[in-house]
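For reference, protein.cif is printed below; it contains mmCIF, C-alpha atoms.
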```
data_final
#
loop_
_atom_site.label_atom_id
_atom_site.label_comp_id
_atom_site.auth_asym_id
_atom_site.auth_seq_id
_atom_site.Cartn_x
_atom_site.Cartn_y
_atom_site.Cartn_z
CA LEU A 29 12.66 -14.17 -14.58
CA SER A 30 10.23 -16.32 -12.63
CA VAL A 31 6.94 -15.10 -11.21
CA ALA A 32 8.39 -15.11 -7.68
CA GLN A 33 11.30 -12.94 -8.83
CA TYR A 34 8.95 -10.38 -10.38
CA PHE A 35 6.99 -10.24 -7.13
CA ALA A 36 10.20 -9.91 -5.09
CA ILE A 37 11.35 -6.97 -7.22
CA PHE A 38 8.02 -5.21 -6.78
CA LEU A 39 7.71 -5.89 -3.03
CA SER A 40 11.28 -4.80 -2.29
CA MET A 41 10.55 -1.32 -3.67
CA LEU A 42 6.96 -1.06 -2.44
CA SER A 43 7.72 0.90 0.72
CA PHE A 44 8.12 4.22 -1.13
CA GLN A 45 4.35 4.22 -1.64
CA GLY A 46 3.84 4.76 2.07
CA ILE A 47 5.36 8.24 2.08
CA PRO A 48 2.56 9.94 0.09
CA ALA A 49 -0.03 8.30 2.35
CA GLY A 50 1.44 10.07 5.37
CA ILE A 51 2.15 13.38 3.67
CA LYS A 52 -0.48 15.17 5.75
CA ASP A 53 1.60 14.36 8.85
CA ILE A 54 4.85 15.71 7.36
CA LYS A 55 6.10 19.19 8.20
CA ASN A 56 7.15 21.16 5.10
CA PRO A 57 6.30 18.32 2.65
CA ARG A 58 7.57 20.24 -0.42
CA ARG A 59 11.09 19.97 0.94
CA THR A 60 10.87 16.69 2.86
CA PHE A 61 8.83 14.56 0.44
CA PRO A 62 11.29 14.48 -2.55
CA LYS A 63 14.23 13.88 -0.21
CA ALA A 64 12.40 11.02 1.53
CA ILE A 65 11.56 9.33 -1.79
CA ILE A 66 15.05 9.64 -3.25
CA CYS A 67 16.96 8.75 -0.07
CA GLY A 68 14.63 5.87 0.75
CA LEU A 69 14.94 4.28 -2.68
CA VAL A 70 18.73 4.72 -2.77
CA ILE A 71 19.23 3.25 0.73
CA VAL A 72 16.89 0.29 0.11
CA THR A 73 18.53 -0.44 -3.26
CA ILE A 74 22.04 -0.37 -1.79
CA PHE A 75 21.14 -2.64 1.13
CA TYR A 76 19.18 -4.97 -1.15
CA LEU A 77 22.18 -5.38 -3.45
CA LEU A 78 24.65 -5.82 -0.58
CA VAL A 79 22.53 -8.50 1.10
CA ASN A 80 22.11 -10.44 -2.13
CA ILE A 81 25.82 -10.17 -2.93
CA ALA A 82 26.59 -11.55 0.55
CA PHE A 83 24.23 -14.49 -0.04
CA LEU A 84 25.82 -15.25 -3.42
CA LEU A 85 29.35 -15.08 -1.99
CA VAL A 86 28.60 -17.54 0.82
CA LEU A 87 25.93 -19.83 -0.67
CA SER A 88 25.64 -21.54 -4.02
CA VAL A 89 22.70 -20.82 -6.30
CA GLU A 90 21.30 -24.29 -5.65
CA GLU A 91 21.48 -23.76 -1.86
CA ILE A 92 19.63 -20.47 -2.20
CA LYS A 93 16.90 -22.12 -4.28
CA THR A 94 16.40 -25.09 -1.95
CA SER A 95 16.71 -23.27 1.39
CA THR A 96 13.42 -22.70 3.21
CA LEU A 97 14.99 -20.31 5.76
CA LEU A 98 17.73 -18.44 3.95
CA VAL A 99 19.13 -16.38 6.84
CA PRO A 100 19.82 -19.37 9.19
CA THR A 101 21.38 -21.24 6.25
CA PHE A 102 23.57 -18.22 5.46
CA SER A 103 24.65 -17.75 9.09
CA SER A 104 25.45 -21.45 9.58
CA HIS A 105 27.72 -21.44 6.51
CA LEU A 106 29.34 -18.18 7.62
CA ALA A 107 30.10 -18.84 11.31
CA GLY A 108 28.13 -21.85 12.48
CA SER A 109 25.08 -21.54 14.71
CA SER A 110 26.50 -18.64 16.75
CA LEU A 111 25.18 -16.01 14.29
CA SER A 112 21.82 -17.65 13.72
CA ILE A 113 20.03 -15.88 16.59
CA PRO A 114 21.47 -12.34 15.92
CA PHE A 115 20.64 -12.60 12.20
CA SER A 116 17.15 -13.86 12.97
CA LEU A 117 16.64 -10.89 15.32
CA LEU A 118 17.68 -8.54 12.52
CA VAL A 119 15.07 -10.11 10.24
CA PHE A 120 12.47 -9.77 13.00
CA ILE A 121 13.31 -6.07 13.52
CA SER A 122 13.05 -5.48 9.77
CA LEU A 123 9.65 -7.18 9.58
CA PHE A 124 8.44 -5.39 12.71
CA GLY A 125 9.39 -2.03 11.19
CA SER A 126 7.62 -3.00 7.98
CA PHE A 127 4.45 -3.89 9.93
CA LEU A 128 4.58 -0.59 11.80
CA GLY A 129 4.87 1.29 8.52
CA ALA A 130 2.02 -0.71 6.99
CA GLY A 131 -0.15 -0.04 10.02
CA PHE A 132 0.60 3.66 9.72
CA ILE A 133 -0.19 4.08 6.02
CA ASN A 134 -2.79 1.50 5.00
CA GLY A 135 -5.67 2.93 6.99
CA ARG A 136 -4.96 6.37 5.57
CA PHE A 137 -5.98 5.28 2.06
CA CYS A 138 -9.40 4.36 3.41
CA PHE A 139 -9.51 7.62 5.40
CA ALA A 140 -8.69 9.73 2.33
CA ALA A 141 -11.35 7.97 0.24
CA SER A 142 -13.95 8.59 2.95
CA ARG A 143 -12.93 12.23 3.34
CA GLU A 144 -13.52 12.72 -0.39
CA HIS A 145 -16.99 11.10 0.00
CA HIS A 146 -16.02 7.93 -1.90
CA LEU A 147 -16.74 5.79 1.17
CA PRO A 148 -19.13 6.18 4.13
CA LYS A 149 -18.45 9.22 6.30
CA PHE A 150 -17.69 7.31 9.52
CA LEU A 151 -14.47 5.94 7.96
CA SER A 152 -12.97 9.46 8.02
CA PHE A 153 -13.46 10.00 11.76
CA LEU A 154 -10.33 11.05 13.67
CA HIS A 155 -9.37 10.59 17.29
CA ARG A 156 -9.93 13.89 19.04
CA HIS A 157 -6.48 14.05 20.66
CA SER A 158 -4.08 11.86 18.64
CA ASN A 159 -5.29 12.76 15.11
CA THR A 160 -5.42 9.04 14.21
CA PRO A 161 -7.94 7.67 11.66
CA VAL A 162 -9.20 4.99 14.04
CA THR A 163 -12.21 3.77 12.04
CA ALA A 164 -10.18 3.55 8.83
CA GLN A 165 -7.53 1.47 10.62
CA MET A 166 -10.26 -0.79 12.01
CA MET A 167 -11.66 -1.25 8.51
CA HIS A 168 -8.24 -2.25 7.24
CA ALA A 169 -7.92 -4.78 10.08
CA VAL A 170 -11.32 -6.26 9.18
CA ILE A 171 -10.26 -6.66 5.53
CA THR A 172 -7.03 -8.36 6.66
CA LEU A 173 -8.94 -10.82 8.83
CA LEU A 174 -11.34 -11.59 5.97
CA MET A 175 -8.43 -12.35 3.65
CA LEU A 176 -6.89 -14.67 6.24
CA CYS A 177 -10.24 -16.45 6.58
CA VAL A 178 -10.36 -17.00 2.81
CA THR A 179 -7.01 -18.81 2.75
CA THR A 180 -4.00 -19.35 5.00
CA ARG A 181 -1.62 -19.79 2.07
CA ILE A 182 0.70 -16.81 2.46
CA GLY A 183 2.11 -17.25 -1.04
CA LEU A 184 -1.34 -16.97 -2.60
CA LEU A 185 -2.19 -13.93 -0.46
CA LEU A 186 1.05 -12.22 -1.54
CA ARG A 187 0.27 -12.89 -5.19
CA LEU A 188 -3.23 -11.48 -4.84
CA PHE A 189 -1.86 -8.50 -2.92
CA VAL A 190 0.74 -7.75 -5.60
CA PHE A 191 -1.81 -7.97 -8.40
CA VAL A 192 -4.30 -5.71 -6.63
CA SER A 193 -1.53 -3.20 -5.82
CA VAL A 194 -0.26 -3.22 -9.40
CA GLY A 195 -3.75 -2.80 -10.84
CA PHE A 196 -4.49 0.01 -8.40
CA ASP A 197 -1.23 1.79 -9.28
CA ILE A 198 -1.99 1.55 -13.00
CA LEU A 199 -5.41 3.15 -12.42
CA VAL A 200 -3.79 5.91 -10.33
CA LEU A 201 -1.20 6.58 -13.06
CA CYS A 202 -3.94 6.77 -15.69
CA SER A 203 -5.72 9.39 -13.58
CA PHE A 204 -2.45 11.31 -13.22
CA PHE A 205 -1.98 11.38 -16.98
CA MET A 206 -5.55 12.64 -17.40
CA LEU A 207 -5.04 15.38 -14.80
CA ARG A 208 -1.74 16.42 -16.34
CA TYR A 209 -3.30 17.23 -19.70
CA ARG A 210 -6.69 18.47 -18.53
CA LYS A 211 -7.01 22.21 -19.03
CA LEU A 212 -8.84 22.93 -15.76
CA SER A 213 -6.56 20.81 -13.57
CA PRO A 214 -5.10 22.51 -10.46
CA GLU A 215 -1.43 23.38 -10.31
CA PRO A 216 0.43 20.29 -8.98
CA ALA A 217 2.39 20.57 -5.75
CA PHE A 218 5.13 18.25 -7.10
CA LYS A 219 6.33 17.84 -10.66
CA THR A 220 8.42 15.02 -12.17
CA PRO A 221 9.69 14.42 -15.71
CA LEU A 222 7.06 12.61 -17.78
CA ILE A 223 9.45 9.75 -18.59
CA ILE A 224 9.42 8.57 -14.94
CA PRO A 225 5.67 7.73 -14.70
CA ILE A 226 5.79 6.28 -18.24
CA LEU A 227 8.62 3.88 -17.31
CA TYR A 228 6.87 2.97 -14.06
CA THR A 229 3.63 2.26 -15.95
CA LEU A 230 5.45 -0.03 -18.39
CA PHE A 231 7.09 -1.84 -15.46
CA LEU A 232 3.72 -2.35 -13.75
CA ILE A 233 2.12 -3.67 -16.95
CA SER A 234 4.95 -6.21 -17.26
CA ILE A 235 4.42 -7.27 -13.62
CA LEU A 236 0.71 -7.71 -14.36
CA VAL A 237 0.92 -9.55 -17.70
CA ILE A 238 4.07 -11.72 -17.61
CA PRO A 239 3.11 -13.88 -14.55
CA ILE A 240 -0.27 -14.66 -16.14
CA ILE A 241 1.44 -15.72 -19.38
CA GLN A 242 4.10 -17.80 -17.60
CA ASP A 243 1.96 -19.54 -14.97
CA HIS A 244 -1.39 -19.91 -16.77
CA ASP A 245 -2.93 -19.74 -13.28
CA ILE A 246 -6.55 -18.62 -13.35
CA LYS A 247 -6.31 -17.54 -9.69
CA LEU A 248 -4.15 -14.61 -10.83
CA LEU A 249 -7.20 -13.19 -12.60
CA ILE A 250 -9.08 -12.88 -9.29
CA PRO A 251 -7.55 -9.45 -8.48
CA LEU A 252 -8.53 -8.17 -11.93
CA VAL A 253 -12.10 -9.32 -11.34
CA PHE A 254 -11.92 -7.66 -7.92
CA LEU A 255 -10.79 -4.32 -9.41
CA VAL A 256 -13.52 -4.40 -12.06
CA THR A 257 -16.14 -5.28 -9.42
CA ILE A 258 -14.99 -2.48 -7.11
CA SER A 259 -15.10 0.00 -10.01
CA PHE A 260 -18.65 -1.10 -10.83
CA LEU A 261 -19.73 -0.84 -7.18
CA TYR A 262 -18.12 2.59 -6.93
CA VAL A 263 -20.16 3.90 -9.84
CA LEU A 264 -23.34 2.22 -8.62
CA ILE A 265 -23.09 3.02 -4.89
CA ILE A 266 -20.98 6.18 -4.63
CA ARG A 267 -21.69 8.05 -7.85
CA LYS A 268 -25.38 7.21 -7.82
CA LYS A 269 -25.51 7.62 -3.99
CA LEU A 270 -27.51 4.43 -3.56
CA LEU A 271 -25.83 3.43 -0.29
CA SER A 272 -26.79 6.64 1.53
CA LYS A 273 -30.39 6.20 0.39
CA VAL A 274 -30.63 2.62 1.66
CA VAL A 275 -28.47 2.58 4.83
CA ASP A 276 -28.51 5.15 7.63
CA PHE A 277 -25.12 5.30 9.34
CA SER A 278 -26.04 8.02 11.85
CA LYS A 279 -26.50 5.63 14.80
CA LEU A 280 -23.24 3.84 14.01
CA GLU A 281 -21.45 7.18 13.74
CA ARG A 282 -22.68 8.31 17.17
CA LEU A 283 -21.72 4.97 18.71
CA LEU A 284 -18.18 5.09 17.30
CA CYS A 285 -17.71 8.69 18.42
CA ASN A 286 -18.74 7.83 21.97
CA LEU A 287 -16.72 4.61 22.21
CA PHE A 288 -13.41 5.81 20.74
CA VAL A 289 -13.52 9.60 21.37
CA LEU A 290 -13.81 10.38 17.66
CA VAL A 291 -14.86 13.47 15.78
CA PRO A 292 -15.64 14.02 12.08
CA VAL A 293 -12.67 15.31 10.11
CA GLU A 294 -14.35 18.70 9.53
CA GLU A 295 -14.80 19.32 13.27
CA HIS A 296 -11.25 18.15 13.98
CA THR A 297 -9.89 20.62 11.42
CA ASP A 298 -11.92 23.48 12.91
CA GLU A 299 -10.66 22.66 16.42
CA HIS A 300 -7.03 22.83 15.28
CA LYS A 301 -7.61 26.13 13.49
CA GLN A 302 -9.00 27.63 16.69
#
```
Go ahead and render the structure in this file as structure tokens.
Amino acid sequence: LSVAQYFAIFLSMLSFQGIPAGIKDIKNPRRTFPKAIICGLVIVTIFYLLVNIAFLLVLSVEEIKTSTLLVPTFSSHLAGSSLSIPFSLLVFISLFGSFLGAGFINGRFCFAASREHHLPKFLSFLHRHSNTPVTAQMMHAVITLLMLCVTTRIGLLLRLFVFVSVGFDILVLCSFFMLRYRKLSPEPAFKTPLIIPILYTLFLISILVIPIIQDHDIKLLIPLVFLVTISFLYVLIIRKKLLSKVVDFSKLERLLCNLFVLVPVEEHTDEHKQ
């Protein structure tokens, strides 16, 4: 398999990661969460296979490789230009739904880290009425803009994104294995057979290692350097609490609360309890 194919396999199944990020907004998550994971993966897999089978039945392998816009090429071979616009609209709706899902979940990672005191407190502020992590979403938007300023090559950004995601998932799985066998660990809300995270870890390691071996591209090591740097900064700034000693965020916190009608997550929780 080529590097692009490895990335396509990973990205096509990446959406299931968004469900745990929004678990706080799910009613009865013990019942809904497993069903959402299983049904989502089955539906995406079936549609993914059907779409690819349709492409292979209509187009040759060489046409698929050389086509820059696969859907218009497929529609023109199937029924001329009449299906080009409807198929393009379907692709747009799919991408729009993906962007909505990404906008919903990505800020919540930052929010959860701030709530656990791994990031500055103001990133865990919630909108008083809509329960939305506004500051965390804004932080995610800033990171996105910074990445676009670094390079406009979408292919390179996707590669870096995949490598960071894979490295992050491997670190999360390592922490899960540690928690599973630690004596004082809390009782987990969800349990899965051990073989599932082991197989997923092996898959992620192959995604991380094989492209580096095949491409010999030093740019692929940038995400690894990024993860190591972030880990070092976490220990230095968060564990040692150096950031809170140097920077006072109180004025920024008051400004954000006044501008966007925000409250700290503790106050928001107390309001809902009352």
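You can rank A:Ala169, A:Ala82, A:Ile121, A:Ile233 by their closest distance to Ser103 (chain A) using all atoms listed in the file, and at the top of that list sits A:Ala82.
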Next item on the list: Could you check how far CA of Ile171 (chain A) sits from CA of Thr96 (chain A), in Å to one decimal?
Entry: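 Interatomic distance here is 28.7 Å.
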Notebook entry, point to check: Once the PyMOL selection byres ((chain A and resi 105) around 12) has been applied to the shown file, what residues remain in the selection, as a list in words?
Noted result: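 Expected selection for the PyMOL selection byres ((chain A and resi 105) around 12) here is Ala82, Phe83, Leu84, Leu85, Val86, Leu87, Ser88, Glu91, Ile92, Leu98, Val99, Pro100, Thr101, Phe102, Ser103, Ser104, Leu106, Ala107, Gly108, Ser109, Ser110, Leu111 and Ser112 of chain A.
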Margin query: Restricting the calculation to all atoms listed in the file: of A:Ala49, A:Val178, A:Leu201, A:Val194, which residue gets closest to Ala141 (chain A)?
Written below: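 Among the listed residues, the smallest separation from Ala141 (chain A) belongs to A:Ala49.
Proximity of A:Leu280, A:Met166, A:Val289, A:Ile250 to Lys149 (chain A), computed with all atoms listed in the file, is greatest for A:Leu280.
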Take every atom of region 222-235 of chain A listed in the file, pad by 6 Å on each side, and give me the axis-aligned box centre and edge lengths in Å, one decimal, as lines of an AutoDock Vina configuration file.
```
center_x = 5.8
center_y = 2.7
center_z = -16.1
size_x = 19.3
size_y = 31.9
size_z = 17.0
```
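CA of His146 (chain A) lies 27.6 Å from CA of Ile65 (chain A).
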Notebook entry, point to check: Between CA of Glu144 (chain A) and CA of Ser278 (chain A), what is the spacing in Å?
Noted result: 18.1 Å
